[in-house]
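These notes concern the structure reproduced below.
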Amino acid sequence: MKINQILQKDQITLSFEVFPPKTAAKYESVKQAACGVAALQPDYMSVTYGAGGSTQGSTIDIAQEIQQRYQVTTIAHLTCVGATKEKIRQTLLEIKAAGIDNILALRGDRPQGFEGNPFLDYHFASELVEEIKNFGGFCVGGACYPEGHVDSANKKDDITHLKKKVDAGCEFLTTQMFFDNNLFYKFLYQVRAAGITVPVIPGIMPITRANQVENAVKLSGCNVPERFKNIVDRFGTNAKAMQQAGIAYATDQIIDLIANGINHIHVYSMNKPEVAQKIQDNLSEILRCK
Ligand code: FAD
């Protein structure tokens, strides 16, 4: 099923994200974790793509397994950094053959230690979006950044570039994680004012370990509000308490979003079925609300 059909339904949706293994040795344990998340029957699941990594093919394998065993629609992430047009076309054939109808089209980041220019055939995700739309048959999503993308000089330019990505054929956008919903509401206002009308799905990251905060900030440059810093200061050294508080914080963010009319929520569940399950349980009645 195409994600844009799921998003058109008059209901609240909850989707989860999993990531493929970084090494072949971890394949089975990661697949099991992904299947544990799929067993919760979310509205759809996304499977990330290791840009430049040696296990890129496992994105397709895991997405296919989830669809076939659990009948949960999947979206395969695909990055174009360092890729040739030929490689992308080959990958699109593989995604199609696996029965996956949805792709999150991404530029990706320069791989660590990469010498030279990795942006040869593709410079930006919008070019990948265009390529996939020309190939045909896929619903295409893209990434967006409520706090601005780290490479962008300012948010205004970032939104101008985002509009180009949507004009190239992007049918919905999923946001980078954020910990302050006001940043999302402001961003939504700005993208609508720029003429971007596709669904914008907030991506919520339940932080369940103190060191995740540091990684999240390093990778995404997102702000951590004082309220969340206090949680990490107080519970960061107690694993169980930190997990409970992190899930409660993410749940609180999601409830506020839904209460403010945002019907589609994506959770960065990070291969943790227990975290996905607790969030789903916390929202059990809320997800049924019309
Ligand atoms: P783009 O949309 O190309 O934007 C990148 C930068 O280029 C921005 O600063 C933008 O303003 C600028 N830009 C865009 N178009 C133009 C233009 N025409 N002229 C000048 N500047 C322009 N990474 C992975 O490796 N694997 C994943 O699976 C993955 N999944 C992700 C999922 C989500 C929801 C998000 C938010 C990010 C994900 N990432 C993933 C990270 C992503 O690859 C990086 O953030 C990357 O740096 C940017 O990718 P993009 O697709 O947003 O790029």
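To be explicit about the labels: the chains of the structure tokens are called A, B, and onward in the order shown, and within each one the residues are counted from 1, while ligands get numbers from 1 in the order they are shown.
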Near Asp121 (chain A), within 9 Å and counting only C-alpha atoms, which residues show up once chain neighbours fewer than 4 positions away are dropped, as a PyMOL selection string? chain A and resi 80-85
Suppose we keep N, CA and C atoms; can you now write the selection as a PDB file, in the first residue's frame?
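Generated file (result.pdb):
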ATOM      1  N   CYS A  80      21.266   9.074  -1.886  1.00  0.00           N
ATOM      2  CA  CYS A  80      21.948   9.172  -3.180  1.00  0.00           C
ATOM      3  C   CYS A  80      23.399   9.626  -3.044  1.00  0.00           C
ATOM      4  N   VAL A  81      23.850   9.920  -1.820  1.00  0.00           N
ATOM      5  CA  VAL A  81      25.245  10.349  -1.660  1.00  0.00           C
ATOM      6  C   VAL A  81      26.182   9.234  -2.152  1.00  0.00           C
ATOM      7  N   GLY A  82      27.122   9.614  -3.006  1.00  0.00           N
ATOM      8  CA  GLY A  82      28.106   8.641  -3.500  1.00  0.00           C
ATOM      9  C   GLY A  82      27.560   7.647  -4.509  1.00  0.00           C
ATOM     10  N   ALA A  83      26.279   7.765  -4.870  1.00  0.00           N
ATOM     11  CA  ALA A  83      25.682   6.769  -5.778  1.00  0.00           C
ATOM     12  C   ALA A  83      25.698   7.268  -7.220  1.00  0.00           C
ATOM     13  N   THR A  84      25.865   6.329  -8.134  1.00  0.00           N
ATOM     14  CA  THR A  84      25.737   6.680  -9.554  1.00  0.00           C
ATOM     15  C   THR A  84      24.272   6.511  -9.946  1.00  0.00           C
ATOM     16  N   LYS A  85      23.900   7.095 -11.065  1.00  0.00           N
ATOM     17  CA  LYS A  85      22.521   6.949 -11.554  1.00  0.00           C
ATOM     18  C   LYS A  85      22.215   5.477 -11.820  1.00  0.00           C
TER      19      LYS A  85
END
Ligand 1: which residues are within 7 Å, counting only C-alpha atoms and all ligand atoms? Reply as a VMD selection string. chain A and resid 47 to 51 77 to 79 105 to 109 123 to 126 142 to 145 149 to 152 157 to 159 161 to 162 164 to 165 174 to 176 203
Hey, what's within 10 Å of Ser29 (chain A) if we count only C-alpha atoms and toss same-chain stuff fewer than 6 positions away? As number ranges by chain, please? A: 21, 35, 271
From A:Thr208, A:Glu86, A:Ile132, A:Tyr70, residue lying nearest Ala38 (chain A) [only C-alpha atoms]: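 Closest candidate: A:Tyr70.
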Please provide the set of residues having any atom within 9 Å of Val140 (chain A), restricted to only C-alpha atoms, with same-chain residues fewer than 2 positions apart removed, written as number ranges by chain. A: 3-4, 75, 101-105, 129, 132-133, 138, 142, 169-172
Selection file, N, CA and C atoms, as a PDB file, in the first residue's frame:
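Done, and the output landed in again-v7.pdb:
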ATOM      1  N   ILE A   3       1.920   4.993   1.078  1.00  0.00           N
ATOM      2  CA  ILE A   3       1.778   5.771   2.326  1.00  0.00           C
ATOM      3  C   ILE A   3       0.789   6.924   2.117  1.00  0.00           C
ATOM      4  N   ASN A   4       0.781   7.517   0.928  1.00  0.00           N
ATOM      5  CA  ASN A   4      -0.150   8.651   0.762  1.00  0.00           C
ATOM      6  C   ASN A   4      -1.605   8.203   0.898  1.00  0.00           C
ATOM      7  N   ILE A  75       8.214   1.535   4.242  1.00  0.00           N
ATOM      8  CA  ILE A  75       8.863   2.526   3.379  1.00  0.00           C
ATOM      9  C   ILE A  75      10.369   2.315   3.519  1.00  0.00           C
ATOM     10  N   ASP A 101       6.344  -0.308  -1.984  1.00  0.00           N
ATOM     11  CA  ASP A 101       5.737   0.762  -2.809  1.00  0.00           C
ATOM     12  C   ASP A 101       6.189   2.163  -2.414  1.00  0.00           C
ATOM     13  N   ASN A 102       6.969   2.271  -1.329  1.00  0.00           N
ATOM     14  CA  ASN A 102       7.264   3.600  -0.769  1.00  0.00           C
ATOM     15  C   ASN A 102       8.759   3.780  -0.541  1.00  0.00           C
ATOM     16  N   ILE A 103       9.229   4.983  -0.885  1.00  0.00           N
ATOM     17  CA  ILE A 103      10.660   5.288  -0.675  1.00  0.00           C
ATOM     18  C   ILE A 103      10.794   6.655  -0.008  1.00  0.00           C
ATOM     19  N   LEU A 104      11.613   6.720   1.044  1.00  0.00           N
ATOM     20  CA  LEU A 104      11.979   8.021   1.606  1.00  0.00           C
ATOM     21  C   LEU A 104      13.285   8.423   0.924  1.00  0.00           C
ATOM     22  N   ALA A 105      13.198   9.424   0.052  1.00  0.00           N
ATOM     23  CA  ALA A 105      14.336   9.813  -0.789  1.00  0.00           C
ATOM     24  C   ALA A 105      15.199  10.832  -0.054  1.00  0.00           C
ATOM     25  N   VAL A 129      14.465  12.430  -5.842  1.00  0.00           N
ATOM     26  CA  VAL A 129      12.988  12.394  -5.899  1.00  0.00           C
ATOM     27  C   VAL A 129      12.553  12.373  -7.362  1.00  0.00           C
ATOM     28  N   ILE A 132      13.197   9.034  -9.008  1.00  0.00           N
ATOM     29  CA  ILE A 132      12.258   7.975  -8.602  1.00  0.00           C
ATOM     30  C   ILE A 132      10.896   8.205  -9.262  1.00  0.00           C
ATOM     31  N   LYS A 133      10.469   9.458  -9.326  1.00  0.00           N
ATOM     32  CA  LYS A 133       9.167   9.743  -9.958  1.00  0.00           C
ATOM     33  C   LYS A 133       9.224   9.373 -11.437  1.00  0.00           C
ATOM     34  N   PHE A 138       6.219   4.508  -7.408  1.00  0.00           N
ATOM     35  CA  PHE A 138       6.485   4.631  -5.967  1.00  0.00           C
ATOM     36  C   PHE A 138       5.815   5.876  -5.388  1.00  0.00           C
ATOM     37  N   GLY A 142      10.094  12.615   1.797  1.00  0.00           N
ATOM     38  CA  GLY A 142      11.389  13.271   1.988  1.00  0.00           C
ATOM     39  C   GLY A 142      11.540  13.715   3.434  1.00  0.00           C
ATOM     40  N   GLY A 169       8.268  16.151  -6.626  1.00  0.00           N
ATOM     41  CA  GLY A 169       7.398  14.969  -6.542  1.00  0.00           C
ATOM     42  C   GLY A 169       7.284  14.334  -5.170  1.00  0.00           C
ATOM     43  N   CYS A 170       7.837  14.991  -4.153  1.00  0.00           N
ATOM     44  CA  CYS A 170       7.766  14.465  -2.791  1.00  0.00           C
ATOM     45  C   CYS A 170       6.317  14.570  -2.289  1.00  0.00           C
ATOM     46  N   GLU A 171       5.754  13.449  -1.846  1.00  0.00           N
ATOM     47  CA  GLU A 171       4.325  13.457  -1.501  1.00  0.00           C
ATOM     48  C   GLU A 171       4.044  13.655  -0.016  1.00  0.00           C
ATOM     49  N   PHE A 172       5.052  13.500   0.802  1.00  0.00           N
ATOM     50  CA  PHE A 172       4.919  13.822   2.232  1.00  0.00           C
ATOM     51  C   PHE A 172       6.316  14.037   2.797  1.00  0.00           C
TER      52      PHE A 172
END
Write out as a list in words the residues lying within 8 Å of Phe135 (chain A), counting only C-alpha atoms and excluding same-chain residues fewer than 4 positions away. Arg89, Leu92 and Glu131 of chain A
Write the selection just made, keeping N, CA, C and O atoms, as an mmCIF file, in the first residue's frame?
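Full text of out_13.cif as output:
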data_model
loop_
_atom_site.group_PDB
_atom_site.id
_atom_site.type_symbol
_atom_site.label_atom_id
_atom_site.label_comp_id
_atom_site.auth_asym_id
_atom_site.auth_seq_id
_atom_site.Cartn_x
_atom_site.Cartn_y
_atom_site.Cartn_z
ATOM 1 N N ARG A 89 19.182 3.257 -10.171
ATOM 2 C CA ARG A 89 18.159 2.568 -10.986
ATOM 3 C C ARG A 89 18.114 1.084 -10.638
ATOM 4 O O ARG A 89 17.045 0.493 -10.536
ATOM 5 N N LEU A 92 16.302 0.719 -7.395
ATOM 6 C CA LEU A 92 14.856 0.907 -7.561
ATOM 7 C C LEU A 92 14.212 -0.374 -8.095
ATOM 8 O O LEU A 92 13.117 -0.759 -7.650
ATOM 9 N N GLU A 131 14.248 11.464 -9.978
ATOM 10 C CA GLU A 131 14.649 10.185 -10.598
ATOM 11 C C GLU A 131 13.618 9.089 -10.277
ATOM 12 O O GLU A 131 13.212 8.334 -11.154
#
Can you tell me, as a short mmCIF file (atom, residue, chain, number, x, y, z; two decimals) with all heavy atoms, in the first residue's frame, what residues are no more than 10 Å from Asp180 (chain A) when counting only C-alpha atoms, ignoring any on the same chain fewer than 6 positions away?
data_model
loop_
_atom_site.label_atom_id
_atom_site.label_comp_id
_atom_site.auth_asym_id
_atom_site.auth_seq_id
_atom_site.Cartn_x
_atom_site.Cartn_y
_atom_site.Cartn_z
N CYS A 222 19.74 19.42 17.00
CA CYS A 222 18.47 19.88 17.59
C CYS A 222 18.69 20.40 19.02
O CYS A 222 19.63 20.00 19.71
CB CYS A 222 17.43 18.76 17.57
SG CYS A 222 17.94 17.32 18.50
N ASN A 223 17.79 21.29 19.41
CA ASN A 223 17.86 21.87 20.76
C ASN A 223 17.25 20.94 21.79
O ASN A 223 16.26 20.28 21.51
CB ASN A 223 17.09 23.19 20.78
CG ASN A 223 17.90 24.29 20.17
OD1 ASN A 223 18.98 24.61 20.67
ND2 ASN A 223 17.42 24.83 19.07
N VAL A 224 17.85 20.93 22.97
CA VAL A 224 17.27 20.14 24.06
C VAL A 224 16.74 21.12 25.10
O VAL A 224 17.51 21.87 25.69
CB VAL A 224 18.33 19.20 24.68
CG1 VAL A 224 17.72 18.37 25.80
CG2 VAL A 224 18.93 18.28 23.62
N PRO A 225 15.42 21.14 25.32
CA PRO A 225 14.87 22.10 26.27
C PRO A 225 15.31 21.81 27.70
O PRO A 225 15.63 20.67 28.04
CB PRO A 225 13.34 21.92 26.14
CG PRO A 225 13.11 20.92 25.09
CD PRO A 225 14.40 20.31 24.69
N ARG A 227 13.61 21.51 30.29
CA ARG A 227 12.75 20.50 30.92
C ARG A 227 13.30 19.09 30.67
O ARG A 227 13.27 18.23 31.54
CB ARG A 227 11.33 20.64 30.34
CG ARG A 227 10.29 19.95 31.12
CD ARG A 227 8.90 20.18 30.55
NE ARG A 227 8.15 18.96 30.69
CZ ARG A 227 7.59 18.31 29.71
NH1 ARG A 227 7.63 18.77 28.49
NH2 ARG A 227 6.93 17.20 29.94
N PHE A 228 13.81 18.87 29.46
CA PHE A 228 14.34 17.54 29.15
C PHE A 228 15.72 17.36 29.79
O PHE A 228 16.06 16.27 30.27
CB PHE A 228 14.40 17.30 27.64
CG PHE A 228 14.60 15.84 27.35
CD1 PHE A 228 13.54 14.95 27.45
CD2 PHE A 228 15.85 15.34 27.06
CE1 PHE A 228 13.73 13.59 27.24
CE2 PHE A 228 16.06 13.98 26.85
CZ PHE A 228 14.99 13.11 26.93
N GLN A 253 4.76 14.63 24.25
CA GLN A 253 4.91 15.39 22.99
C GLN A 253 3.84 14.94 21.99
O GLN A 253 3.20 15.76 21.33
CB GLN A 253 6.28 15.09 22.37
CG GLN A 253 7.39 16.02 22.77
CD GLN A 253 8.62 15.82 21.88
OE1 GLN A 253 9.32 14.84 22.04
NE2 GLN A 253 8.87 16.74 20.97
#
Could you build a table of the residues in region 217-277 of chain A lying no more than 12 Å from region 6-14 of chain A, giving for each the nearest pair of atoms and their separation in Å rounded to one decimal place, using only C-alpha atoms, ordered by chain and ascending residue number, as a Markdown table?
| residue | atom | partner | partner_atom | distance |
| --- | --- | --- | --- | --- |
| A:Thr251 | CA | A:Leu14 | CA | 11.8 |
| A:Ile254 | CA | A:Leu14 | CA | 9.8 |
| A:Ile255 | CA | A:Ile12 | CA | 11.3 |
| A:Leu257 | CA | A:Ile12 | CA | 11.0 |
| A:Ile258 | CA | A:Ile12 | CA | 8.0 |
| A:Ala259 | CA | A:Ile12 | CA | 11.0 |
| A:Gly261 | CA | A:Ile12 | CA | 9.6 |
| A:Ile262 | CA | A:Ile12 | CA | 8.2 |
| A:Asn263 | CA | A:Ile12 | CA | 4.5 |
| A:His264 | CA | A:Thr13 | CA | 4.8 |
| A:Ile265 | CA | A:Leu14 | CA | 5.1 |
| A:His266 | CA | A:Leu14 | CA | 5.9 |
| A:Val267 | CA | A:Leu14 | CA | 7.4 |
| A:Tyr268 | CA | A:Leu14 | CA | 10.9 |
| A:Ser269 | CA | A:Leu14 | CA | 11.2 |
| A:Ala276 | CA | A:Leu14 | CA | 10.0 |
| A:Gln277 | CA | A:Leu14 | CA | 11.4 |
Write to file, as a compact mmCIF listing (two decimals), in the first residue's frame, the residues of the selection just made, with N, CA and C atoms.
# COMPACT_ATOMS: atom_id res chain seq x y z
N THR A 251 5.68 10.52 24.90
CA THR A 251 4.21 10.36 24.89
C THR A 251 3.55 11.73 25.05
N ILE A 254 3.64 13.62 21.88
CA ILE A 254 2.69 13.07 20.89
C ILE A 254 1.26 13.51 21.24
N ILE A 255 0.91 13.43 22.52
CA ILE A 255 -0.45 13.82 22.92
C ILE A 255 -0.69 15.29 22.59
N LEU A 257 0.75 17.01 20.23
CA LEU A 257 0.64 17.15 18.77
C LEU A 257 -0.76 16.74 18.31
N ILE A 258 -1.24 15.61 18.81
CA ILE A 258 -2.56 15.13 18.38
C ILE A 258 -3.64 16.10 18.85
N ALA A 259 -3.50 16.59 20.08
CA ALA A 259 -4.48 17.54 20.62
C ALA A 259 -4.53 18.82 19.77
N GLY A 261 -4.23 18.85 16.53
CA GLY A 261 -4.72 18.55 15.18
C GLY A 261 -3.74 17.85 14.26
N ILE A 262 -2.61 17.39 14.79
CA ILE A 262 -1.65 16.66 13.95
C ILE A 262 -2.01 15.17 14.05
N ASN A 263 -2.43 14.60 12.93
CA ASN A 263 -2.98 13.23 12.97
C ASN A 263 -1.97 12.12 12.67
N HIS A 264 -0.80 12.47 12.16
CA HIS A 264 0.15 11.42 11.78
C HIS A 264 1.45 11.61 12.54
N ILE A 265 1.84 10.55 13.24
CA ILE A 265 3.01 10.64 14.13
C ILE A 265 3.97 9.51 13.76
N HIS A 266 5.24 9.88 13.61
CA HIS A 266 6.27 8.87 13.33
C HIS A 266 7.19 8.79 14.54
N VAL A 267 7.44 7.57 15.01
CA VAL A 267 8.28 7.40 16.20
C VAL A 267 9.58 6.71 15.81
N TYR A 268 10.69 7.35 16.20
CA TYR A 268 12.00 6.75 15.97
C TYR A 268 12.20 5.68 17.05
N SER A 269 11.66 4.49 16.78
CA SER A 269 11.63 3.47 17.83
C SER A 269 12.95 2.69 17.93
N ALA A 276 8.52 0.90 21.68
CA ALA A 276 7.40 1.12 20.76
C ALA A 276 6.09 0.66 21.41
N GLN A 277 6.17 -0.48 22.07
CA GLN A 277 4.96 -1.05 22.70
C GLN A 277 4.43 -0.12 23.80
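Using only C-alpha atoms, the contacts of Ala239 (chain A) at a cut-off of 10 Å, with sequence neighbours closer than 6 positions omitted, comprise Thr208, Arg209, Ala210 and Ala245 of chain A.
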Write out, as an mmCIF file, in the first residue's frame, the residues just selected, with N, CA, C and O atoms.
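The resulting file, again14.cif, is reproduced below:
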data_model
loop_
_atom_site.group_PDB
_atom_site.id
_atom_site.type_symbol
_atom_site.label_atom_id
_atom_site.label_comp_id
_atom_site.auth_asym_id
_atom_site.auth_seq_id
_atom_site.Cartn_x
_atom_site.Cartn_y
_atom_site.Cartn_z
ATOM 1 N N THR A 208 15.839 7.157 25.668
ATOM 2 C CA THR A 208 15.721 6.235 26.797
ATOM 3 C C THR A 208 17.062 5.985 27.494
ATOM 4 O O THR A 208 17.130 5.238 28.455
ATOM 5 N N ARG A 209 18.126 6.599 26.964
ATOM 6 C CA ARG A 209 19.439 6.511 27.609
ATOM 7 C C ARG A 209 20.065 7.891 27.572
ATOM 8 O O ARG A 209 19.931 8.613 26.570
ATOM 9 N N ALA A 210 20.785 8.246 28.630
ATOM 10 C CA ALA A 210 21.343 9.598 28.721
ATOM 11 C C ALA A 210 22.273 9.906 27.541
ATOM 12 O O ALA A 210 22.231 10.996 26.976
ATOM 13 N N ALA A 245 11.081 7.766 32.032
ATOM 14 C CA ALA A 245 10.909 9.215 31.861
ATOM 15 C C ALA A 245 10.963 9.603 30.382
ATOM 16 O O ALA A 245 10.199 10.458 29.920
#
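All residues within region 33-142 of chain A that the backbone DSSP calculation assigns to strand (DSSP E) are Met45, Ser46, Val47, Thr74, Ile75, Ala76, His77, Leu78, Thr79, Asn102, Ile103, Leu104, Ala105, Leu106, Cys139, Val140, Gly141 and Gly142 of chain A.
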DSSP-assigned alpha helix (DSSP H) among region 98-272 of chain A, expressed as a ChimeraX atom specification: /A:125-135,155-167,181-193,210-220,226-235,239-259
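Using only C-alpha atoms for every distance, the candidate list A:Thr91, A:Ser46, A:Ser58, A:Gln41 yields A:Ser46 as the residue closest to Ala76 (chain A).
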d(CA of Met45 (chain A), CA of Ser15 (chain A)) in Å: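 Atom-to-atom, CA of Met45 (chain A) and CA of Ser15 (chain A) are spaced 5.5 Å apart.
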Using only C-alpha atoms, which residue out of A:Lys2, A:Glu274, A:Ile88, A:Leu120 lies closest to Gly141 (chain A)?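 Nearest candidate to Gly141 (chain A) out of A:Lys2, A:Glu274, A:Ile88, A:Leu120: A:Lys2.
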